[in-house]
file entry_37.txt (compact mmCIF, C-alpha atoms and all ligand atoms)
# COMPACT_ATOMS: atom_id res chain seq x y z
CA MET A 1 0.00 0.00 0.00
CA ARG A 2 1.30 3.44 -0.92
CA ASN A 3 0.79 6.67 0.97
CA PHE A 4 1.19 9.66 -1.32
CA LEU A 5 1.62 13.38 -0.76
CA VAL A 6 0.19 15.52 -3.55
CA ALA A 7 1.40 19.09 -3.13
CA GLY A 8 0.63 22.25 -5.07
CA ASN A 9 3.27 24.96 -5.32
CA TRP A 10 1.28 27.94 -6.50
CA LYS A 11 4.40 30.10 -6.89
CA MET A 12 3.54 33.80 -7.45
CA ASN A 13 -0.06 33.10 -8.41
CA CYS A 14 -3.36 33.66 -6.57
CA GLY A 15 -3.83 36.60 -4.25
CA PRO A 16 -6.37 36.22 -1.43
CA GLY A 17 -9.43 36.42 -3.71
CA GLU A 18 -8.20 33.84 -6.19
CA THR A 19 -6.94 31.65 -3.36
CA LYS A 20 -10.42 31.46 -1.93
CA LYS A 21 -11.84 30.55 -5.35
CA LEU A 22 -9.26 27.87 -6.05
CA LEU A 23 -9.68 26.30 -2.62
CA ASP A 24 -13.45 26.37 -3.00
CA GLY A 25 -12.97 24.56 -6.31
CA ILE A 26 -10.82 21.90 -4.65
CA LYS A 27 -13.21 21.50 -1.71
CA ASN A 28 -16.29 21.28 -3.93
CA SER A 29 -14.71 18.93 -6.45
CA ASP A 30 -16.28 15.56 -7.22
CA VAL A 31 -12.99 14.04 -6.13
CA SER A 32 -12.93 13.52 -2.38
CA ILE A 33 -9.53 13.27 -0.75
CA PRO A 34 -8.61 9.56 -0.73
CA GLU A 35 -7.79 8.01 2.62
CA ARG A 36 -4.16 7.28 1.82
CA VAL A 37 -3.37 10.55 0.09
CA ASP A 38 -2.25 13.69 1.91
CA VAL A 39 -2.82 16.93 0.08
CA LEU A 40 -0.83 20.13 0.54
CA VAL A 41 -1.36 23.58 -0.94
CA CYS A 42 1.32 26.28 -0.86
CA PRO A 43 -0.11 29.70 -1.81
CA PRO A 44 1.90 32.93 -1.73
CA MET A 45 2.54 34.48 1.71
CA ILE A 46 -0.15 37.13 1.32
CA SER A 47 -2.79 34.44 0.83
CA LEU A 48 -1.87 32.16 3.72
CA THR A 49 -4.35 33.69 6.18
CA VAL A 50 -7.28 33.35 3.80
CA ALA A 51 -6.16 29.83 2.91
CA SER A 52 -5.88 28.91 6.57
CA ASP A 53 -9.47 30.03 7.19
CA GLU A 54 -10.70 28.24 4.08
CA LEU A 55 -9.04 25.00 5.09
CA GLN A 56 -10.62 24.88 8.56
CA ASP A 57 -13.29 22.56 7.18
CA ALA A 58 -11.14 20.77 4.62
CA GLU A 59 -10.01 17.51 6.10
CA GLY A 60 -6.85 16.07 4.58
CA VAL A 61 -5.62 19.31 3.03
CA ALA A 62 -2.59 20.87 4.75
CA LEU A 63 -1.16 24.33 4.28
CA GLY A 64 2.40 25.25 3.43
CA ALA A 65 4.45 28.33 2.64
CA GLN A 66 6.95 28.71 -0.18
CA ASN A 67 9.81 30.12 1.89
CA VAL A 68 10.75 31.22 5.40
CA HIS A 69 13.63 33.04 7.09
CA SER A 70 16.01 31.32 9.45
CA GLU A 71 15.92 34.02 12.16
CA ASP A 72 13.13 34.53 14.70
CA ASN A 73 12.51 38.21 13.96
CA GLY A 74 14.32 41.47 13.34
CA ALA A 75 15.49 43.73 10.56
CA TYR A 76 14.91 41.43 7.57
CA THR A 77 12.73 43.48 5.26
CA GLY A 78 10.34 41.41 3.22
CA GLU A 79 10.83 38.18 5.12
CA VAL A 80 8.60 36.04 7.36
CA SER A 81 9.52 33.83 10.31
CA THR A 82 8.64 30.29 11.30
CA GLN A 83 6.51 31.59 14.19
CA MET A 84 4.49 33.67 11.74
CA LEU A 85 3.85 30.56 9.67
CA ASN A 86 2.91 28.62 12.81
CA GLU A 87 0.43 31.37 13.63
CA VAL A 88 -1.46 30.84 10.37
CA GLN A 89 -1.42 27.04 10.82
CA CYS A 90 1.16 26.19 8.20
CA ASP A 91 2.43 22.66 8.58
CA TYR A 92 4.92 22.65 5.72
CA VAL A 93 7.35 25.00 4.05
CA ILE A 94 8.97 24.59 0.63
CA LEU A 95 12.70 25.30 0.91
CA GLY A 96 15.42 25.66 -1.69
CA HIS A 97 13.21 25.68 -4.75
CA SER A 98 15.38 26.10 -7.85
CA GLU A 99 13.63 29.40 -8.58
CA ARG A 100 14.72 30.71 -5.18
CA ARG A 101 18.21 29.40 -5.75
CA GLU A 102 18.40 30.96 -9.22
CA TYR A 103 16.62 34.32 -8.74
CA PHE A 104 16.99 35.03 -5.02
CA GLY A 105 20.48 33.87 -4.22
CA GLU A 106 19.61 30.91 -2.04
CA THR A 107 22.56 28.64 -1.46
CA ASP A 108 23.00 25.24 0.11
CA THR A 109 24.04 27.10 3.26
CA THR A 110 20.94 29.28 3.52
CA VAL A 111 18.73 26.30 2.70
CA ASN A 112 20.41 24.29 5.46
CA ALA A 113 19.84 27.08 8.01
CA LYS A 114 16.16 27.27 7.01
CA VAL A 115 15.76 23.49 7.23
CA ILE A 116 17.18 23.46 10.76
CA LYS A 117 15.03 26.38 11.87
CA SER A 118 11.87 24.94 10.34
CA LEU A 119 12.32 21.53 11.91
CA SER A 120 12.93 23.07 15.30
CA ASP A 121 9.69 25.05 15.01
CA ASP A 122 7.45 22.18 13.90
CA LEU A 123 7.35 23.03 10.22
CA ARG A 124 7.93 20.18 7.80
CA PRO A 125 10.41 21.28 5.16
CA VAL A 126 9.86 20.23 1.57
CA ILE A 127 13.47 20.42 0.44
CA CYS A 128 13.83 20.92 -3.30
CA VAL A 129 16.81 19.53 -5.17
CA GLY A 130 17.49 19.03 -8.85
CA GLU A 131 20.00 19.45 -11.62
CA SER A 132 20.12 21.76 -14.62
CA LEU A 133 20.10 20.51 -18.20
CA GLU A 134 23.82 21.24 -18.56
CA GLN A 135 24.57 19.24 -15.43
CA ARG A 136 22.52 16.31 -16.71
CA LYS A 137 24.18 16.44 -20.11
CA ALA A 138 27.55 16.43 -18.39
CA GLY A 139 26.52 13.33 -16.43
CA GLU A 140 26.76 15.21 -13.13
CA HIS A 141 23.11 14.96 -12.10
CA GLN A 142 23.55 12.28 -9.45
CA LEU A 143 26.50 14.01 -7.86
CA ILE A 144 24.77 17.42 -7.82
CA VAL A 145 21.59 16.11 -6.25
CA ARG A 146 23.48 13.99 -3.71
CA LYS A 147 25.43 17.07 -2.63
CA GLN A 148 22.28 19.19 -2.39
CA VAL A 149 20.58 16.64 -0.15
CA GLU A 150 23.65 16.23 2.06
CA ALA A 151 24.14 19.98 2.36
CA ALA A 152 20.49 20.68 3.16
CA LEU A 153 20.58 18.10 5.94
CA SER A 154 23.96 18.98 7.37
CA GLY A 155 23.72 18.95 11.17
CA VAL A 156 20.18 17.53 11.15
CA SER A 157 19.99 14.46 13.39
CA GLU A 158 17.77 11.46 12.76
CA ASP A 159 15.65 12.42 15.78
CA GLY A 160 15.22 15.95 14.52
CA ALA A 161 14.49 15.05 10.92
CA GLY A 162 10.99 13.64 11.42
CA GLY A 163 8.48 14.78 8.88
CA LEU A 164 10.80 16.24 6.32
CA VAL A 165 10.06 15.76 2.64
CA ILE A 166 12.42 15.87 -0.34
CA ALA A 167 11.25 17.03 -3.78
CA TYR A 168 13.34 16.02 -6.76
CA GLU A 169 12.74 18.69 -9.38
CA PRO A 170 14.96 18.55 -12.46
CA ILE A 171 15.26 22.20 -13.47
CA TRP A 172 14.88 21.35 -17.14
CA ALA A 173 11.43 19.90 -16.45
CA ILE A 174 10.01 22.84 -14.45
CA GLY A 175 7.38 24.77 -16.36
CA THR A 176 8.67 23.42 -19.68
CA GLY A 177 6.09 20.72 -20.33
CA GLU A 178 8.97 18.28 -20.49
CA THR A 179 9.01 15.69 -17.69
CA ALA A 180 11.63 13.30 -16.52
CA SER A 181 10.79 9.87 -17.87
CA PRO A 182 9.48 7.48 -15.23
CA ASP A 183 12.84 5.65 -15.37
CA GLN A 184 14.82 8.86 -14.91
CA ALA A 185 12.62 9.88 -11.98
CA GLN A 186 12.90 6.46 -10.35
CA GLU A 187 16.67 6.37 -10.76
CA MET A 188 17.06 9.76 -9.04
CA HIS A 189 14.53 9.05 -6.30
CA LYS A 190 16.20 5.74 -5.50
CA MET A 191 19.54 7.50 -5.28
CA VAL A 192 18.09 10.17 -2.96
CA ARG A 193 16.71 7.41 -0.74
CA GLU A 194 20.14 5.80 -0.62
CA VAL A 195 21.68 9.12 0.42
CA LEU A 196 19.08 9.38 3.21
CA ALA A 197 19.84 5.81 4.28
CA ASP A 198 23.56 6.65 4.40
CA LEU A 199 22.88 9.79 6.43
CA TYR A 200 20.37 8.16 8.78
CA SER A 201 19.05 4.60 8.55
CA ASP A 202 17.13 2.38 6.13
CA ASP A 203 13.98 2.75 8.22
CA MET A 204 14.27 6.50 8.29
CA ALA A 205 14.92 6.66 4.53
CA ASP A 206 11.90 4.46 3.83
CA GLY A 207 9.69 6.79 5.85
CA ILE A 208 10.73 10.01 4.11
CA ARG A 209 8.55 11.02 1.21
CA ILE A 210 10.37 11.89 -1.99
CA LEU A 211 8.16 13.89 -4.36
CA TYR A 212 8.69 14.40 -8.06
CA GLY A 213 8.26 17.91 -9.47
CA GLY A 214 8.53 19.17 -13.03
CA SER A 215 5.55 19.32 -15.39
CA MET A 216 3.55 16.68 -13.54
CA LYS A 217 0.09 16.74 -15.13
CA PRO A 218 -2.97 14.49 -15.12
CA HIS A 219 -1.74 12.75 -18.29
CA ASN A 220 1.64 11.70 -16.89
CA ALA A 221 0.90 11.45 -13.16
CA GLU A 222 0.05 7.76 -13.23
CA GLU A 223 3.30 6.60 -14.80
CA LEU A 224 5.39 8.81 -12.51
CA LEU A 225 3.54 7.92 -9.30
CA SER A 226 3.72 4.22 -10.21
CA GLN A 227 7.47 4.27 -9.69
CA PRO A 228 8.32 2.63 -6.36
CA ASP A 229 10.36 5.54 -5.00
CA VAL A 230 8.05 8.34 -6.17
CA ASP A 231 5.92 9.15 -3.12
CA GLY A 232 3.95 12.02 -4.58
CA GLY A 233 4.24 15.17 -6.61
CA LEU A 234 5.15 18.81 -6.16
CA ILE A 235 3.00 20.37 -8.80
CA GLY A 236 3.24 23.86 -10.22
CA GLY A 237 1.09 24.75 -13.23
CA ALA A 238 -1.38 21.89 -12.86
CA SER A 239 -2.08 22.84 -9.23
CA LEU A 240 -3.57 26.18 -10.29
CA LYS A 241 -6.74 24.60 -11.66
CA ALA A 242 -8.99 22.66 -9.32
CA ASP A 243 -9.78 20.12 -12.07
CA SER A 244 -6.22 19.15 -12.92
CA PHE A 245 -5.04 19.19 -9.31
CA THR A 246 -7.90 17.02 -8.07
CA GLU A 247 -7.46 14.66 -11.02
CA ILE A 248 -3.88 14.03 -9.90
CA ILE A 249 -5.19 13.49 -6.35
CA ARG A 250 -7.67 10.96 -7.71
CA ILE A 251 -4.93 9.12 -9.62
CA ALA A 252 -2.78 8.98 -6.47
CA GLY A 253 -5.80 7.59 -4.61
CA GLU A 254 -6.23 4.79 -7.19
CA LEU A 255 -2.57 3.87 -6.96
CA SER A 256 -2.57 3.93 -3.16
CA SER A 257 -5.22 1.26 -2.66
P1 LIG B 301 5.52 22.84 -12.99
O1 LIG B 301 4.61 21.71 -12.54
O2 LIG B 301 4.77 24.05 -13.45
O3 LIG B 301 6.54 22.34 -13.96
O4 LIG B 301 6.33 23.33 -11.69
C1 LIG B 301 6.98 22.39 -10.91
C2 LIG B 301 7.52 23.06 -9.71
O5 LIG B 301 8.45 23.86 -9.80
C3 LIG B 301 6.90 22.76 -8.42
O6 LIG B 301 7.63 23.26 -7.35
call {"tool": "encode", "arguments": {"input": "entry_37.txt", "output": "structure tokens"}}
result
Amino acid sequence: MRNFLVAGNWKMNCGPGETKKLLDGIKNSDVSIPERVDVLVCPPMISLTVASDELQDAEGVALGAQNVHSEDNGAYTGEVSTQMLNEVQCDYVILGHSERREYFGETDTTVNAKVIKSLSDDLRPVICVGESLEQRKAGEHQLIVRKQVEAALSGVSEDGAGGLVIAYEPIWAIGTGETASPDQAQEMHKMVREVLADLYSDDMADGIRILYGGSMKPHNAEELLSQPDVDGGLIGGASLKADSFTEIIRIAGELSS
């Protein structure tokens, strides 16, 4: 039996008004949340309060942010803290997305500090890793992703790592309509699990969900989620429409039973 996590990364889409509409669409969908599927939505910061209210009566749908700062408070213009996310009932936070690494100067070091802070404040990090097209062509993809996982988890003990999630997102597949093939995804996910087993233990590695992200859509979700080490999806574009997002949830439900 599988136990999937289907997560939507809304990126810089949906202010409070649209957030309410999209969540209403998900809640009123014909697809009810399957028993063995956890659902997560990650709207922009400004929409978290509305989303939190909307999700009060939505069993099985958790709330996450797309970033957080590693300090408690202070002179960090434009940032939010873990306590602020706790206050609006966020359970998860996406960290180290390739867009944050590329456009906002996030490094393995800043991601690591955010992972440590989030875990210590009861937020489950969804740590994003993934290689560029050049790195894949050069045959460096395994090494790059291994290093990203190790760096993100530096100083994180097995006891403190409970609840974290890894998302493998090949940069060349994000927003391009091109996905990793099921074999490519499985190969990378298996490798990530081996890294986790090396860092912690086999049991721990088996319990950590490794999501695939990069143009996951209703038409390719089944073949990706059928791979033994793909424990769910981190979905961008297809999470912005209730129909496509709930269709992927439905597919995960079928595969989980
Ligand atoms: P797309 O599904 O739009 O390719 O985005 C994937 C992603 O970056 C999720 O974090």
call {"tool": "residues_near_ligand", "arguments": {"input": "entry_37.txt", "ligand": "ligand LIG 301 (chain B)", "cutoff": "7 Å", "atoms": "only C-alpha atoms and all ligand atoms", "output": "MDAnalysis selection string"}}
result
chainID A and resid 9 97 169 173:177 213:216 234:238
call {"tool": "atom_distance", "arguments": {"input": "entry_37.txt", "atom1": "atom CA of Glu158 of chain A", "atom2": "atom CA of Tyr200 of chain A"}}
result
5.8 Å
call {"tool": "residues_around", "arguments": {"input": "entry_37.txt", "residues": "segment 44-49 of chain A", "least_positions_apart": "5", "cutoff": "10 Å", "atoms": "all atoms listed in the file", "output": "PyMOL selection string"}}
result
chain A and resi 9-20+54-55+63-68+79-80+85+87-90
call {"tool": "atom_distance", "arguments": {"input": "entry_37.txt", "atom1": "atom CA of Asp183 of chain A", "atom2": "atom CA of Leu224 of chain A"}}
result
8.6 Å
call {"tool": "residues_around", "arguments": {"input": "entry_37.txt", "residues": "Val61 of chain A", "least_positions_apart": "6", "cutoff": "10 Å", "atoms": "all atoms listed in the file", "output": "JSON, numbers by chain"}}
result
{"A": [6, 7, 23, 26, 27, 33, 37, 38, 39, 40, 41, 55]}
call {"tool": "decode", "arguments": {"input": "entry_37.txt", "residues": "segment 2-13 of chain A", "atoms": "all heavy atoms", "output": "PDB file, in the first residue's frame"}}
result
ATOM      1  N   ARG A   2       0.538   2.191  -0.837  1.00  0.00           N
ATOM      2  CA  ARG A   2       1.305   3.438  -0.915  1.00  0.00           C
ATOM      3  C   ARG A   2       0.598   4.523  -0.111  1.00  0.00           C
ATOM      4  O   ARG A   2      -0.592   4.436   0.148  1.00  0.00           O
ATOM      5  CB  ARG A   2       1.414   3.901  -2.377  1.00  0.00           C
ATOM      6  CG  ARG A   2       1.802   2.831  -3.391  1.00  0.00           C
ATOM      7  CD  ARG A   2       3.268   2.491  -3.360  1.00  0.00           C
ATOM      8  NE  ARG A   2       4.160   3.621  -3.399  1.00  0.00           N
ATOM      9  CZ  ARG A   2       4.621   4.204  -4.513  1.00  0.00           C
ATOM     10  NH1 ARG A   2       4.248   3.760  -5.691  1.00  0.00           N
ATOM     11  NH2 ARG A   2       5.457   5.225  -4.470  1.00  0.00           N
ATOM     12  N   ASN A   3       1.357   5.562   0.201  1.00  0.00           N
ATOM     13  CA  ASN A   3       0.789   6.670   0.971  1.00  0.00           C
ATOM     14  C   ASN A   3       1.354   7.968   0.387  1.00  0.00           C
ATOM     15  O   ASN A   3       2.450   8.374   0.739  1.00  0.00           O
ATOM     16  CB  ASN A   3       1.226   6.484   2.433  1.00  0.00           C
ATOM     17  CG  ASN A   3       0.314   7.205   3.356  1.00  0.00           C
ATOM     18  OD1 ASN A   3      -0.184   8.274   3.001  1.00  0.00           O
ATOM     19  ND2 ASN A   3       0.101   6.655   4.532  1.00  0.00           N
ATOM     20  N   PHE A   4       0.635   8.558  -0.533  1.00  0.00           N
ATOM     21  CA  PHE A   4       1.192   9.658  -1.321  1.00  0.00           C
ATOM     22  C   PHE A   4       0.970  11.032  -0.669  1.00  0.00           C
ATOM     23  O   PHE A   4       0.033  11.229   0.108  1.00  0.00           O
ATOM     24  CB  PHE A   4       0.528   9.692  -2.707  1.00  0.00           C
ATOM     25  CG  PHE A   4       0.882   8.522  -3.574  1.00  0.00           C
ATOM     26  CD1 PHE A   4      -0.001   7.475  -3.760  1.00  0.00           C
ATOM     27  CD2 PHE A   4       2.115   8.468  -4.213  1.00  0.00           C
ATOM     28  CE1 PHE A   4       0.322   6.402  -4.565  1.00  0.00           C
ATOM     29  CE2 PHE A   4       2.452   7.390  -5.019  1.00  0.00           C
ATOM     30  CZ  PHE A   4       1.552   6.355  -5.197  1.00  0.00           C
ATOM     31  N   LEU A   5       1.837  11.963  -1.067  1.00  0.00           N
ATOM     32  CA  LEU A   5       1.618  13.382  -0.760  1.00  0.00           C
ATOM     33  C   LEU A   5       1.514  14.114  -2.096  1.00  0.00           C
ATOM     34  O   LEU A   5       2.442  14.067  -2.910  1.00  0.00           O
ATOM     35  CB  LEU A   5       2.789  13.932   0.055  1.00  0.00           C
ATOM     36  CG  LEU A   5       2.779  15.445   0.320  1.00  0.00           C
ATOM     37  CD1 LEU A   5       1.553  15.871   1.149  1.00  0.00           C
ATOM     38  CD2 LEU A   5       4.058  15.870   1.074  1.00  0.00           C
ATOM     39  N   VAL A   6       0.379  14.743  -2.321  1.00  0.00           N
ATOM     40  CA  VAL A   6       0.195  15.522  -3.549  1.00  0.00           C
ATOM     41  C   VAL A   6       0.180  16.993  -3.150  1.00  0.00           C
ATOM     42  O   VAL A   6      -0.705  17.443  -2.409  1.00  0.00           O
ATOM     43  CB  VAL A   6      -1.115  15.132  -4.269  1.00  0.00           C
ATOM     44  CG1 VAL A   6      -1.330  16.000  -5.501  1.00  0.00           C
ATOM     45  CG2 VAL A   6      -1.079  13.655  -4.674  1.00  0.00           C
ATOM     46  N   ALA A   7       1.202  17.721  -3.598  1.00  0.00           N
ATOM     47  CA  ALA A   7       1.401  19.093  -3.134  1.00  0.00           C
ATOM     48  C   ALA A   7       1.337  20.070  -4.296  1.00  0.00           C
ATOM     49  O   ALA A   7       1.875  19.799  -5.375  1.00  0.00           O
ATOM     50  CB  ALA A   7       2.769  19.200  -2.445  1.00  0.00           C
ATOM     51  N   GLY A   8       0.698  21.200  -4.056  1.00  0.00           N
ATOM     52  CA  GLY A   8       0.632  22.250  -5.068  1.00  0.00           C
ATOM     53  C   GLY A   8       1.520  23.414  -4.667  1.00  0.00           C
ATOM     54  O   GLY A   8       1.361  23.963  -3.570  1.00  0.00           O
ATOM     55  N   ASN A   9       2.460  23.755  -5.516  1.00  0.00           N
ATOM     56  CA  ASN A   9       3.265  24.962  -5.319  1.00  0.00           C
ATOM     57  C   ASN A   9       2.701  26.024  -6.252  1.00  0.00           C
ATOM     58  O   ASN A   9       2.913  25.973  -7.457  1.00  0.00           O
ATOM     59  CB  ASN A   9       4.736  24.666  -5.655  1.00  0.00           C
ATOM     60  CG  ASN A   9       5.601  25.920  -5.589  1.00  0.00           C
ATOM     61  OD1 ASN A   9       5.144  26.976  -5.151  1.00  0.00           O
ATOM     62  ND2 ASN A   9       6.844  25.814  -6.031  1.00  0.00           N
ATOM     63  N   TRP A  10       1.977  26.949  -5.661  1.00  0.00           N
ATOM     64  CA  TRP A  10       1.276  27.936  -6.498  1.00  0.00           C
ATOM     65  C   TRP A  10       2.213  29.038  -6.999  1.00  0.00           C
ATOM     66  O   TRP A  10       1.810  29.865  -7.815  1.00  0.00           O
ATOM     67  CB  TRP A  10       0.131  28.570  -5.709  1.00  0.00           C
ATOM     68  CG  TRP A  10      -0.970  27.611  -5.346  1.00  0.00           C
ATOM     69  CD1 TRP A  10      -1.000  26.254  -5.569  1.00  0.00           C
ATOM     70  CD2 TRP A  10      -2.212  27.926  -4.694  1.00  0.00           C
ATOM     71  NE1 TRP A  10      -2.178  25.713  -5.093  1.00  0.00           N
ATOM     72  CE2 TRP A  10      -2.940  26.721  -4.560  1.00  0.00           C
ATOM     73  CE3 TRP A  10      -2.773  29.107  -4.214  1.00  0.00           C
ATOM     74  CZ2 TRP A  10      -4.206  26.676  -3.962  1.00  0.00           C
ATOM     75  CZ3 TRP A  10      -4.040  29.064  -3.615  1.00  0.00           C
ATOM     76  CH2 TRP A  10      -4.742  27.861  -3.496  1.00  0.00           C
ATOM     77  N   LYS A  11       3.427  29.077  -6.485  1.00  0.00           N
ATOM     78  CA  LYS A  11       4.404  30.101  -6.887  1.00  0.00           C
ATOM     79  C   LYS A  11       3.789  31.502  -6.732  1.00  0.00           C
ATOM     80  O   LYS A  11       3.035  31.723  -5.790  1.00  0.00           O
ATOM     81  CB  LYS A  11       4.912  29.811  -8.294  1.00  0.00           C
ATOM     82  CG  LYS A  11       5.420  28.363  -8.422  1.00  0.00           C
ATOM     83  CD  LYS A  11       6.188  28.079  -9.661  1.00  0.00           C
ATOM     84  CE  LYS A  11       6.630  26.614  -9.665  1.00  0.00           C
ATOM     85  NZ  LYS A  11       7.469  26.255 -10.789  1.00  0.00           N
ATOM     86  N   MET A  12       4.077  32.445  -7.632  1.00  0.00           N
ATOM     87  CA  MET A  12       3.541  33.804  -7.446  1.00  0.00           C
ATOM     88  C   MET A  12       2.215  33.938  -8.208  1.00  0.00           C
ATOM     89  O   MET A  12       2.067  34.722  -9.138  1.00  0.00           O
ATOM     90  CB  MET A  12       4.551  34.855  -7.916  1.00  0.00           C
ATOM     91  CG  MET A  12       4.241  36.251  -7.363  1.00  0.00           C
ATOM     92  SD  MET A  12       5.518  37.454  -7.742  1.00  0.00           S
ATOM     93  CE  MET A  12       5.267  37.718  -9.490  1.00  0.00           C
ATOM     94  N   ASN A  13       1.266  33.089  -7.813  1.00  0.00           N
ATOM     95  CA  ASN A  13      -0.064  33.104  -8.408  1.00  0.00           C
ATOM     96  C   ASN A  13      -1.091  33.043  -7.284  1.00  0.00           C
ATOM     97  O   ASN A  13      -0.848  32.377  -6.275  1.00  0.00           O
ATOM     98  CB  ASN A  13      -0.264  31.876  -9.315  1.00  0.00           C
ATOM     99  CG  ASN A  13       0.685  31.865 -10.486  1.00  0.00           C
ATOM    100  OD1 ASN A  13       0.549  32.647 -11.419  1.00  0.00           O
ATOM    101  ND2 ASN A  13       1.683  30.983 -10.431  1.00  0.00           N
TER     102      ASN A  13
END
